[in-house]
file input_12.cif (mmCIF, C-alpha atoms)
data_work
#
loop_
_atom_site.label_atom_id
_atom_site.label_comp_id
_atom_site.auth_asym_id
_atom_site.auth_seq_id
_atom_site.Cartn_x
_atom_site.Cartn_y
_atom_site.Cartn_z
CA MET Y 1 86.51 124.08 117.60
CA SER Y 2 88.27 124.17 114.24
CA GLY Y 3 88.79 120.97 112.32
CA ILE Y 4 92.05 122.23 110.80
CA ARG Y 5 94.10 125.22 111.85
CA GLY Y 6 97.43 126.22 110.32
CA ILE Y 7 99.52 128.70 112.28
CA GLN Y 8 102.39 130.44 110.46
CA LEU Y 9 103.48 127.25 108.71
CA SER Y 10 106.74 127.51 106.80
CA GLN Y 11 108.69 124.91 104.87
CA SER Y 12 112.09 125.20 103.24
CA TYR Y 13 114.14 122.83 101.12
CA ARG Y 14 117.79 123.86 101.31
CA HIS Y 15 117.75 127.54 100.35
CA TYR Y 16 114.29 127.55 98.77
CA GLN Y 17 111.32 128.50 100.94
CA VAL Y 18 108.19 126.76 99.66
CA LEU Y 19 105.77 128.02 102.33
CA LYS Y 20 106.04 131.34 104.14
CA ASP Y 21 104.06 131.79 107.37
CA VAL Y 22 100.89 130.21 106.00
CA SER Y 23 97.90 130.55 108.35
CA PHE Y 24 94.33 129.41 107.74
CA GLU Y 25 91.38 127.75 109.44
CA VAL Y 26 88.82 125.17 108.31
CA ALA Y 27 85.78 124.76 110.53
CA GLN Y 28 84.08 121.46 111.22
CA GLY Y 29 81.56 120.86 108.46
CA GLU Y 30 83.42 123.13 106.03
CA CYS Y 31 85.29 122.60 102.76
CA TYR Y 32 88.31 124.78 101.92
CA ALA Y 33 89.51 124.81 98.30
CA LEU Y 34 93.15 125.70 97.71
CA PHE Y 35 94.40 126.90 94.34
CA GLY Y 36 97.82 127.79 92.99
CA PRO Y 37 100.22 127.18 90.10
CA ASN Y 38 102.27 124.01 89.78
CA GLY Y 39 105.07 124.05 92.32
CA ALA Y 40 103.34 126.59 94.57
CA GLY Y 41 103.53 124.30 97.62
CA LYS Y 42 99.96 122.97 97.72
CA THR Y 43 101.00 119.32 97.96
CA THR Y 44 103.73 120.23 100.44
CA LEU Y 45 101.11 121.82 102.68
CA LEU Y 46 98.96 118.70 102.52
CA LYS Y 47 101.96 116.52 103.41
CA LEU Y 48 102.63 118.66 106.47
CA LEU Y 49 99.01 118.38 107.58
CA ALA Y 50 99.02 114.63 106.90
CA THR Y 51 102.02 114.36 109.27
CA LEU Y 52 104.20 112.99 106.45
CA GLN Y 53 106.66 115.87 106.88
CA LYS Y 54 107.52 118.27 109.67
CA PRO Y 55 107.36 122.01 109.00
CA SER Y 56 110.51 124.09 109.18
CA SER Y 57 108.59 126.40 111.52
CA GLY Y 58 105.05 127.07 112.66
CA ARG Y 59 102.50 124.54 113.78
CA PHE Y 60 99.03 123.20 113.06
CA GLU Y 61 96.10 121.74 114.94
CA MET Y 62 93.46 119.19 114.03
CA MET Y 63 90.33 118.77 116.11
CA GLY Y 64 92.11 120.68 118.87
CA HIS Y 65 95.19 118.42 118.88
CA ASP Y 66 98.70 119.62 118.11
CA GLY Y 67 99.64 118.12 114.75
CA ILE Y 68 103.31 117.74 115.63
CA ARG Y 69 103.28 116.81 119.29
CA ASP Y 70 100.14 114.61 119.02
CA ARG Y 71 100.90 113.19 115.59
CA ASN Y 72 99.66 109.67 116.34
CA ARG Y 73 96.39 110.98 117.78
CA VAL Y 74 95.83 113.17 114.72
CA ARG Y 75 96.34 110.23 112.39
CA GLU Y 76 93.42 108.42 113.99
CA PHE Y 77 90.82 110.74 112.48
CA LEU Y 78 92.70 111.92 109.40
CA LEU Y 79 92.48 110.59 105.84
CA MET Y 80 94.35 111.84 102.79
CA ILE Y 81 93.30 111.08 99.22
CA ALA Y 82 96.54 111.75 97.39
CA HIS Y 83 97.10 112.55 93.73
CA GLY Y 84 98.50 109.03 93.29
CA SER Y 85 96.33 106.05 94.19
CA TYR Y 86 98.78 104.20 96.50
CA LEU Y 87 96.85 100.99 95.94
CA TYR Y 88 98.25 97.48 95.71
CA GLY Y 89 98.14 96.35 92.08
CA GLU Y 90 98.13 92.63 92.80
CA LEU Y 91 95.18 92.89 95.20
CA ASP Y 92 91.60 93.27 94.03
CA ALA Y 93 89.30 96.12 95.03
CA VAL Y 94 87.82 94.36 98.05
CA GLU Y 95 91.22 93.24 99.30
CA ASN Y 96 92.57 96.77 99.01
CA ILE Y 97 89.66 98.10 101.04
CA ARG Y 98 89.97 95.42 103.72
CA PHE Y 99 93.71 96.00 104.04
CA ALA Y 100 93.40 99.79 104.30
CA LEU Y 101 90.62 99.63 106.88
CA ALA Y 102 92.31 96.89 108.90
CA LEU Y 103 95.23 99.27 109.48
CA ARG Y 104 92.70 101.52 111.22
CA GLY Y 105 91.18 98.71 113.25
CA LEU Y 106 88.05 98.62 111.08
CA SER Y 107 86.47 95.49 109.63
CA PRO Y 108 83.46 96.26 107.41
CA ASP Y 109 81.34 93.31 106.38
CA ALA Y 110 80.89 92.19 102.78
CA ARG Y 111 77.58 94.03 102.44
CA GLU Y 112 79.05 97.35 103.54
CA ILE Y 113 81.94 97.01 101.09
CA LYS Y 114 79.59 96.07 98.24
CA THR Y 115 77.36 99.07 98.99
CA ALA Y 116 80.34 101.44 98.90
CA LEU Y 117 81.72 99.98 95.65
CA ASP Y 118 78.29 100.07 94.00
CA ARG Y 119 77.82 103.65 95.07
CA VAL Y 120 81.02 104.76 93.31
CA GLY Y 121 80.17 102.74 90.21
CA ILE Y 122 82.78 99.99 90.34
CA GLY Y 123 80.87 97.21 92.09
CA ALA Y 124 81.07 95.03 88.98
CA PHE Y 125 84.87 95.14 89.23
CA ALA Y 126 85.14 94.20 92.92
CA ASP Y 127 87.23 91.09 92.24
CA PHE Y 128 89.45 92.66 89.57
CA LYS Y 129 93.09 93.26 90.41
CA ILE Y 130 93.90 96.95 90.67
CA ARG Y 131 96.55 96.72 87.95
CA TYR Y 132 93.66 96.44 85.49
CA PHE Y 133 91.96 99.59 86.79
CA SER Y 134 92.06 102.93 84.97
CA GLU Y 135 93.17 105.98 86.95
CA GLY Y 136 89.55 107.09 87.21
CA MET Y 137 88.52 103.72 88.64
CA LYS Y 138 91.34 103.95 91.18
CA LYS Y 139 90.07 107.37 92.25
CA ARG Y 140 86.58 105.93 92.66
CA LEU Y 141 88.00 103.16 94.83
CA SER Y 142 89.67 105.80 97.00
CA ILE Y 143 86.27 107.43 97.46
CA ALA Y 144 84.77 104.08 98.45
CA LYS Y 145 87.46 103.65 101.11
CA ALA Y 146 86.76 107.13 102.44
CA ILE Y 147 83.02 106.42 102.58
CA LEU Y 148 83.71 103.43 104.82
CA ILE Y 149 86.30 105.21 106.98
CA ARG Y 150 84.26 108.42 107.50
CA PRO Y 151 87.21 110.58 108.59
CA LYS Y 152 86.73 113.70 110.68
CA VAL Y 153 89.44 115.46 108.66
CA LEU Y 154 89.78 114.84 104.93
CA LEU Y 155 92.72 116.08 102.85
CA MET Y 156 92.47 115.74 99.06
CA ASP Y 157 95.10 116.48 96.44
CA GLU Y 158 93.45 117.22 93.08
CA PRO Y 159 90.29 115.20 93.80
CA TYR Y 160 88.80 115.76 90.31
CA SER Y 161 91.82 114.55 88.35
CA SER Y 162 91.23 111.43 86.19
CA LEU Y 163 87.46 111.59 86.78
CA ASP Y 164 84.83 111.94 84.08
CA GLU Y 165 81.80 114.22 84.52
CA ARG Y 166 79.83 111.60 86.42
CA GLY Y 167 82.85 110.90 88.60
CA MET Y 168 83.26 114.59 89.46
CA LYS Y 169 79.59 114.77 90.38
CA LEU Y 170 80.09 111.72 92.60
CA MET Y 171 83.10 113.37 94.24
CA ASN Y 172 81.10 116.48 95.07
CA GLN Y 173 78.27 114.39 96.48
CA PHE Y 174 80.80 112.70 98.73
CA ILE Y 175 82.30 116.03 99.83
CA ARG Y 176 78.84 117.41 100.66
CA GLU Y 177 78.02 114.28 102.62
CA SER Y 178 81.30 114.50 104.53
CA THR Y 179 80.86 118.16 105.51
CA GLY Y 180 77.22 117.44 106.33
CA GLN Y 181 78.46 114.90 108.87
CA GLY Y 182 80.78 117.52 110.37
CA ALA Y 183 84.04 116.64 108.64
CA SER Y 184 86.61 119.31 107.76
CA VAL Y 185 87.74 119.07 104.14
CA LEU Y 186 90.83 120.72 102.66
CA MET Y 187 91.45 120.12 98.98
CA THR Y 188 93.86 121.40 96.37
CA SER Y 189 92.37 121.92 92.94
CA HIS Y 190 92.73 123.38 89.47
CA ASN Y 191 89.02 122.93 88.75
CA ARG Y 192 87.39 126.16 89.85
CA VAL Y 193 83.88 125.32 88.63
CA GLN Y 194 83.59 122.01 90.47
CA SER Y 195 85.31 123.37 93.58
CA ALA Y 196 82.94 126.34 93.78
CA GLU Y 197 80.01 123.94 94.10
CA VAL Y 198 81.20 122.55 97.43
CA ALA Y 199 83.68 125.00 98.96
CA GLY Y 200 82.75 127.30 101.80
CA LYS Y 201 86.16 128.99 101.71
CA ALA Y 202 88.87 129.33 99.09
CA GLY Y 203 92.45 130.52 98.96
CA VAL Y 204 95.31 130.97 96.50
CA LEU Y 205 98.83 129.84 97.30
CA PHE Y 206 101.37 131.80 95.27
CA GLN Y 207 105.10 132.22 95.82
CA GLY Y 208 104.78 130.65 99.26
CA THR Y 209 102.08 132.95 100.63
CA LEU Y 210 98.36 132.35 101.03
CA ARG Y 211 95.58 134.82 100.29
CA ASP Y 212 91.84 134.35 100.60
CA ILE Y 213 89.44 134.60 97.68
CA ALA Y 214 85.65 134.67 97.80
CA VAL Y 215 84.09 131.44 96.57
CA LYS Y 216 81.59 133.41 94.48
CA ASP Y 217 84.52 134.90 92.55
CA LEU Y 218 86.10 131.56 91.60
CA ALA Y 219 84.23 131.01 88.37
CA ALA Y 220 84.14 134.70 87.46
CA ALA Y 221 87.81 135.49 87.98
CA HIS Y 222 89.84 135.56 84.76
CA GLU Y 223 93.08 134.53 86.48
CA LEU Y 224 93.81 133.57 90.08
CA PHE Y 225 97.62 133.71 89.81
#

call {"tool": "encode", "arguments": {"input": "input_12.cif", "output": "structure tokens"}}
result
Amino acid sequence: MSGIRGIQLSQSYRHYQVLKDVSFEVAQGECYALFGPNGAGKTTLLKLLATLQKPSSGRFEMMGHDGIRDRNRVREFLLMIAHGSYLYGELDAVENIRFALALRGLSPDAREIKTALDRVGIGAFADFKIRYFSEGMKKRLSIAKAILIRPKVLLMDEPYSSLDERGMKLMNQFIRESTGQGASVLMTSHNRVQSAEVAGKAGVLFQGTLRDIAVKDLAAAHELF
């Protein structure tokens, strides 16, 4: 069974068609890296899969469930790490984690939260309000939340943005761990080198259409689009 399956997905805004019959498949335990120029529709595709928008036509499945008809069921095992942090600035790191996990019916104990924060390198800032965090620290906190949630389907929009070299290494460790546990990962990226380390499949979205590219060619290719 596929973790994620897009079937002729299309999306239009007024007279502009962003996505044109996009089809793809991400197996369980696999990472798919999606590339494309700014405005190509990568984030739009993630929003469709995250059930934040409905496609103009086509459909998608997650873990065998129809993403439109069974939207609430899909949301139970889906997590999206967006380009923005979407954290609460007046809450500290621990409070943000507890709030996010409570929405999913999860209640990790203090030791589990500390372990996750220490792992991503921000344990010393657990009681700091998020408004004092750098963008890289916010991204690390998002990883900590994902570690605790352990989603079966993980969508990531530019996961390496705002991260330093150690942070990017941490991100790839997390992606490997997730796919090793059977999760399906779909990420958009502009970082070909880092993406090639974890991706099992890759594609390029350009002018609304999707084409496959061999992962081994990511670093070697002079231009993708």

call {"tool": "resolve_selection", "arguments": {"input": "input_12.cif", "expression": "the PyMOL selection byres ((chain Y and resi 208-216) around 9)", "output": "PyMOL selection string"}}
result
chain Y and resi 10-11+17-24+33+40-41+195-197+199-207+217-220+224

call {"tool": "atom_distance", "arguments": {"input": "input_12.cif", "atom1": "atom CA of Y:Pro108", "atom2": "atom CA of Y:Leu91"}}
result
17.3 Å

call {"tool": "axis_aligned_box", "arguments": {"input": "input_12.cif", "around": "stretch 130-141 of chain Y", "padding_each_side": "8 Å", "output": "lines of an AutoDock Vina configuration file"}}
result
center_x = 91.6
center_y = 101.9
center_z = 89.9
size_x = 26.0
size_y = 26.9
size_z = 25.9

call {"tool": "resolve_selection", "arguments": {"input": "input_12.cif", "expression": "the PyMOL selection byres ((chain Y and resi 72-75) around 10)", "output": "ChimeraX atom specification"}}
result
/Y:49-51,61-71,76-80,104,151-153

call {"tool": "closest_residue", "arguments": {"input": "input_12.cif", "among": "Y:Leu48, Y:Ala102, Y:Met1, Y:Met171", "to": "Y:Gly121", "atoms": "only C-alpha atoms"}}
result
Y:Met171

call {"tool": "atom_distance", "arguments": {"input": "input_12.cif", "atom1": "atom CA of Y:Leu141", "atom2": "atom CA of Y:Ile97"}}
result
8.2 Å

call {"tool": "atom_distance", "arguments": {"input": "input_12.cif", "atom1": "atom CA of Y:Ala126", "atom2": "atom CA of Y:Leu87"}}
result
13.9 Å

call {"tool": "closest_residue", "arguments": {"input": "input_12.cif", "among": "Y:Arg119, Y:Lys54, Y:Lys129, Y:His222", "to": "Y:Gln173", "atoms": "all atoms listed in the file"}}
result
Y:Arg119

call {"tool": "closest_residue", "arguments": {"input": "input_12.cif", "among": "Y:Arg131, Y:Ser2, Y:Glu95, Y:Asp157", "to": "Y:Leu46", "atoms": "all atoms listed in the file"}}
result
Y:Asp157

call {"tool": "residues_around", "arguments": {"input": "input_12.cif", "residues": "Y:Arg98", "least_positions_apart": "6", "cutoff": "10 Å", "atoms": "only C-alpha atoms", "output": "compact mmCIF listing (two decimals) with C-alpha atoms, in the frame of the given file"}}
result
# COMPACT_ATOMS: atom_id res chain seq x y z
CA LEU Y 106 88.05 98.62 111.08
CA SER Y 107 86.47 95.49 109.63
CA PRO Y 108 83.46 96.26 107.41
CA ASP Y 109 81.34 93.31 106.38
CA ALA Y 110 80.89 92.19 102.78
CA ILE Y 113 81.94 97.01 101.09
CA LYS Y 145 87.46 103.65 101.11

call {"tool": "resolve_selection", "arguments": {"input": "input_12.cif", "expression": "the PyMOL selection byres ((chain Y and resi 140) around 10)", "output": "NGL selection string"}}
result
:Y and (85 or 116-117 or 119-122 or 134-139 or 141-146 or 162-163 or 167-168 or 170-171)

call {"tool": "residues_near_point", "arguments": {"input": "input_12.cif", "point": "(96.9, 123.5, 92.8)", "cutoff": "9 Å", "atoms": "all atoms listed in the file", "output": "list of chain:residue names"}}
result
Y:Leu34, Y:Phe35, Y:Gly36, Y:Pro37, Y:Asn38, Y:Gly39, Y:Ala40, Y:Gly41, Y:Lys42, Y:Thr43, Y:Asp157, Y:Glu158, Y:Met187, Y:Thr188, Y:Ser189, Y:His190, Y:Asn191, Y:Val204, Y:Leu205

call {"tool": "closest_residue", "arguments": {"input": "input_12.cif", "among": "Y:Leu103, Y:Val94, Y:Ile4, Y:Ile147", "to": "Y:Gln28", "atoms": "all atoms listed in the file"}}
result
Y:Ile4

call {"tool": "decode", "arguments": {"input": "input_12.cif", "residues": "stretch 43-91 of chain Y", "atoms": "N, CA and C atoms", "output": "mmCIF file, in the first residue's frame"}}
result
data_model
loop_
_atom_site.group_PDB
_atom_site.id
_atom_site.type_symbol
_atom_site.label_atom_id
_atom_site.label_comp_id
_atom_site.auth_asym_id
_atom_site.auth_seq_id
_atom_site.Cartn_x
_atom_site.Cartn_y
_atom_site.Cartn_z
ATOM 1 N N THR Y 43 4.332 24.318 -3.051
ATOM 2 C CA THR Y 43 3.606 24.534 -1.797
ATOM 3 C C THR Y 43 2.115 24.288 -1.985
ATOM 4 N N THR Y 44 1.592 24.648 -3.140
ATOM 5 C CA THR Y 44 0.182 24.375 -3.436
ATOM 6 C C THR Y 44 -0.096 22.879 -3.368
ATOM 7 N N LEU Y 45 0.793 22.071 -3.926
ATOM 8 C CA LEU Y 45 0.618 20.625 -3.879
ATOM 9 C C LEU Y 45 0.611 20.122 -2.440
ATOM 10 N N LEU Y 46 1.518 20.633 -1.618
ATOM 11 C CA LEU Y 46 1.556 20.218 -0.218
ATOM 12 C C LEU Y 46 0.267 20.614 0.507
ATOM 13 N N LYS Y 47 -0.261 21.792 0.205
ATOM 14 C CA LYS Y 47 -1.502 22.230 0.840
ATOM 15 C C LYS Y 47 -2.678 21.329 0.454
ATOM 16 N N LEU Y 48 -2.697 20.878 -0.786
ATOM 17 C CA LEU Y 48 -3.738 19.942 -1.200
ATOM 18 C C LEU Y 48 -3.628 18.646 -0.409
ATOM 19 N N LEU Y 49 -2.408 18.126 -0.320
ATOM 20 C CA LEU Y 49 -2.190 16.860 0.378
ATOM 21 C C LEU Y 49 -2.436 16.992 1.879
ATOM 22 N N ALA Y 50 -2.200 18.186 2.417
ATOM 23 C CA ALA Y 50 -2.435 18.426 3.846
ATOM 24 C C ALA Y 50 -3.902 18.699 4.141
ATOM 25 N N THR Y 51 -4.744 18.622 3.134
ATOM 26 C CA THR Y 51 -6.198 18.860 3.215
ATOM 27 C C THR Y 51 -6.531 20.299 3.592
ATOM 28 N N LEU Y 52 -5.623 21.224 3.305
ATOM 29 C CA LEU Y 52 -5.875 22.644 3.569
ATOM 30 C C LEU Y 52 -6.620 23.296 2.408
ATOM 31 N N GLN Y 53 -6.531 22.693 1.230
ATOM 32 C CA GLN Y 53 -7.263 23.143 0.055
ATOM 33 C C GLN Y 53 -7.805 21.924 -0.675
ATOM 34 N N LYS Y 54 -8.846 22.149 -1.472
ATOM 35 C CA LYS Y 54 -9.378 21.084 -2.313
ATOM 36 C C LYS Y 54 -8.887 21.283 -3.744
ATOM 37 N N PRO Y 55 -8.510 20.213 -4.417
ATOM 38 C CA PRO Y 55 -8.050 20.353 -5.805
ATOM 39 C C PRO Y 55 -9.197 20.722 -6.730
ATOM 40 N N SER Y 56 -8.858 21.398 -7.819
ATOM 41 C CA SER Y 56 -9.872 21.708 -8.826
ATOM 42 C C SER Y 56 -10.370 20.433 -9.496
ATOM 43 N N SER Y 57 -9.464 19.469 -9.648
ATOM 44 C CA SER Y 57 -9.833 18.159 -10.181
ATOM 45 C C SER Y 57 -8.769 17.150 -9.759
ATOM 46 N N GLY Y 58 -9.078 15.875 -9.939
ATOM 47 C CA GLY Y 58 -8.171 14.827 -9.510
ATOM 48 C C GLY Y 58 -8.418 14.456 -8.057
ATOM 49 N N ARG Y 59 -7.627 13.549 -7.566
ATOM 50 C CA ARG Y 59 -7.777 13.100 -6.189
ATOM 51 C C ARG Y 59 -6.444 12.593 -5.652
ATOM 52 N N PHE Y 60 -6.423 12.269 -4.368
ATOM 53 C CA PHE Y 60 -5.218 11.686 -3.783
ATOM 54 C C PHE Y 60 -5.611 10.739 -2.653
ATOM 55 N N GLU Y 61 -4.706 9.842 -2.349
ATOM 56 C CA GLU Y 61 -4.914 8.870 -1.286
ATOM 57 C C GLU Y 61 -3.737 8.906 -0.322
ATOM 58 N N MET Y 62 -4.031 8.645 0.947
ATOM 59 C CA MET Y 62 -2.996 8.497 1.954
ATOM 60 C C MET Y 62 -3.304 7.264 2.775
ATOM 61 N N MET Y 63 -2.333 6.360 2.827
ATOM 62 C CA MET Y 63 -2.501 5.102 3.556
ATOM 63 C C MET Y 63 -3.785 4.395 3.146
ATOM 64 N N GLY Y 64 -4.128 4.501 1.860
ATOM 65 C CA GLY Y 64 -5.303 3.826 1.338
ATOM 66 C C GLY Y 64 -6.604 4.568 1.521
ATOM 67 N N HIS Y 65 -6.580 5.739 2.142
ATOM 68 C CA HIS Y 65 -7.798 6.521 2.388
ATOM 69 C C HIS Y 65 -7.904 7.660 1.386
ATOM 70 N N ASP Y 66 -9.104 7.926 0.932
ATOM 71 C CA ASP Y 66 -9.338 9.027 0.004
ATOM 72 C C ASP Y 66 -9.117 10.347 0.736
ATOM 73 N N GLY Y 67 -8.216 11.180 0.193
ATOM 74 C CA GLY Y 67 -7.832 12.407 0.874
ATOM 75 C C GLY Y 67 -8.902 13.479 0.903
ATOM 76 N N ILE Y 68 -9.900 13.362 0.042
ATOM 77 C CA ILE Y 68 -10.985 14.341 0.012
ATOM 78 C C ILE Y 68 -12.195 13.830 0.791
ATOM 79 N N ARG Y 69 -12.607 12.635 0.475
ATOM 80 C CA ARG Y 69 -13.782 12.070 1.134
ATOM 81 C C ARG Y 69 -13.503 11.718 2.598
ATOM 82 N N ASP Y 70 -12.285 11.227 2.893
ATOM 83 C CA ASP Y 70 -11.928 10.814 4.255
ATOM 84 C C ASP Y 70 -10.937 11.793 4.880
ATOM 85 N N ARG Y 71 -11.180 13.073 4.665
ATOM 86 C CA ARG Y 71 -10.241 14.097 5.112
ATOM 87 C C ARG Y 71 -9.908 14.003 6.594
ATOM 88 N N ASN Y 72 -10.897 13.834 7.436
ATOM 89 C CA ASN Y 72 -10.645 13.780 8.878
ATOM 90 C C ASN Y 72 -9.812 12.570 9.263
ATOM 91 N N ARG Y 73 -10.043 11.459 8.591
ATOM 92 C CA ARG Y 73 -9.254 10.247 8.866
ATOM 93 C C ARG Y 73 -7.802 10.461 8.454
ATOM 94 N N VAL Y 74 -7.596 11.083 7.308
ATOM 95 C CA VAL Y 74 -6.249 11.342 6.815
ATOM 96 C C VAL Y 74 -5.483 12.236 7.785
ATOM 97 N N ARG Y 75 -6.151 13.211 8.347
ATOM 98 C CA ARG Y 75 -5.477 14.148 9.243
ATOM 99 C C ARG Y 75 -4.954 13.486 10.512
ATOM 100 N N GLU Y 76 -5.476 12.314 10.843
ATOM 101 C CA GLU Y 76 -5.047 11.629 12.056
ATOM 102 C C GLU Y 76 -3.605 11.147 11.971
ATOM 103 N N PHE Y 77 -3.147 10.792 10.782
ATOM 104 C CA PHE Y 77 -1.776 10.271 10.678
ATOM 105 C C PHE Y 77 -0.877 11.144 9.807
ATOM 106 N N LEU Y 78 -1.320 12.379 9.572
ATOM 107 C CA LEU Y 78 -0.573 13.304 8.725
ATOM 108 C C LEU Y 78 0.030 14.431 9.555
ATOM 109 N N LEU Y 79 1.256 14.828 9.197
ATOM 110 C CA LEU Y 79 1.880 16.000 9.813
ATOM 111 C C LEU Y 79 2.576 16.794 8.725
ATOM 112 N N MET Y 80 2.397 18.106 8.748
ATOM 113 C CA MET Y 80 3.081 18.979 7.803
ATOM 114 C C MET Y 80 3.997 19.940 8.555
ATOM 115 N N ILE Y 81 5.266 19.959 8.160
ATOM 116 C CA ILE Y 81 6.207 20.961 8.651
ATOM 117 C C ILE Y 81 6.290 22.024 7.566
ATOM 118 N N ALA Y 82 5.634 23.137 7.803
ATOM 119 C CA ALA Y 82 5.509 24.178 6.793
ATOM 120 C C ALA Y 82 6.735 25.070 6.762
ATOM 121 N N HIS Y 83 6.807 25.911 5.746
ATOM 122 C CA HIS Y 83 7.929 26.843 5.609
ATOM 123 C C HIS Y 83 7.926 27.833 6.769
ATOM 124 N N GLY Y 84 6.755 28.266 7.202
ATOM 125 C CA GLY Y 84 6.631 29.100 8.393
ATOM 126 C C GLY Y 84 6.500 28.223 9.624
ATOM 127 N N SER Y 85 6.822 28.746 10.786
ATOM 128 C CA SER Y 85 6.842 27.910 11.994
ATOM 129 C C SER Y 85 5.450 27.631 12.564
ATOM 130 N N TYR Y 86 4.537 28.605 12.462
ATOM 131 C CA TYR Y 86 3.188 28.480 13.027
ATOM 132 C C TYR Y 86 3.228 28.088 14.504
ATOM 133 N N LEU Y 87 4.127 28.730 15.231
ATOM 134 C CA LEU Y 87 4.246 28.519 16.668
ATOM 135 C C LEU Y 87 3.661 29.726 17.394
ATOM 136 N N TYR Y 88 3.369 29.549 18.658
ATOM 137 C CA TYR Y 88 2.795 30.631 19.455
ATOM 138 C C TYR Y 88 3.916 31.362 20.197
ATOM 139 N N GLY Y 89 4.136 32.624 19.810
ATOM 140 C CA GLY Y 89 5.265 33.389 20.315
ATOM 141 C C GLY Y 89 5.276 33.628 21.802
ATOM 142 N N GLU Y 90 4.097 33.692 22.413
ATOM 143 C CA GLU Y 90 4.028 33.966 23.849
ATOM 144 C C GLU Y 90 4.056 32.693 24.692
ATOM 145 N N LEU Y 91 4.141 31.543 24.063
ATOM 146 C CA LEU Y 91 4.304 30.283 24.782
ATOM 147 C C LEU Y 91 5.760 29.846 24.680
#
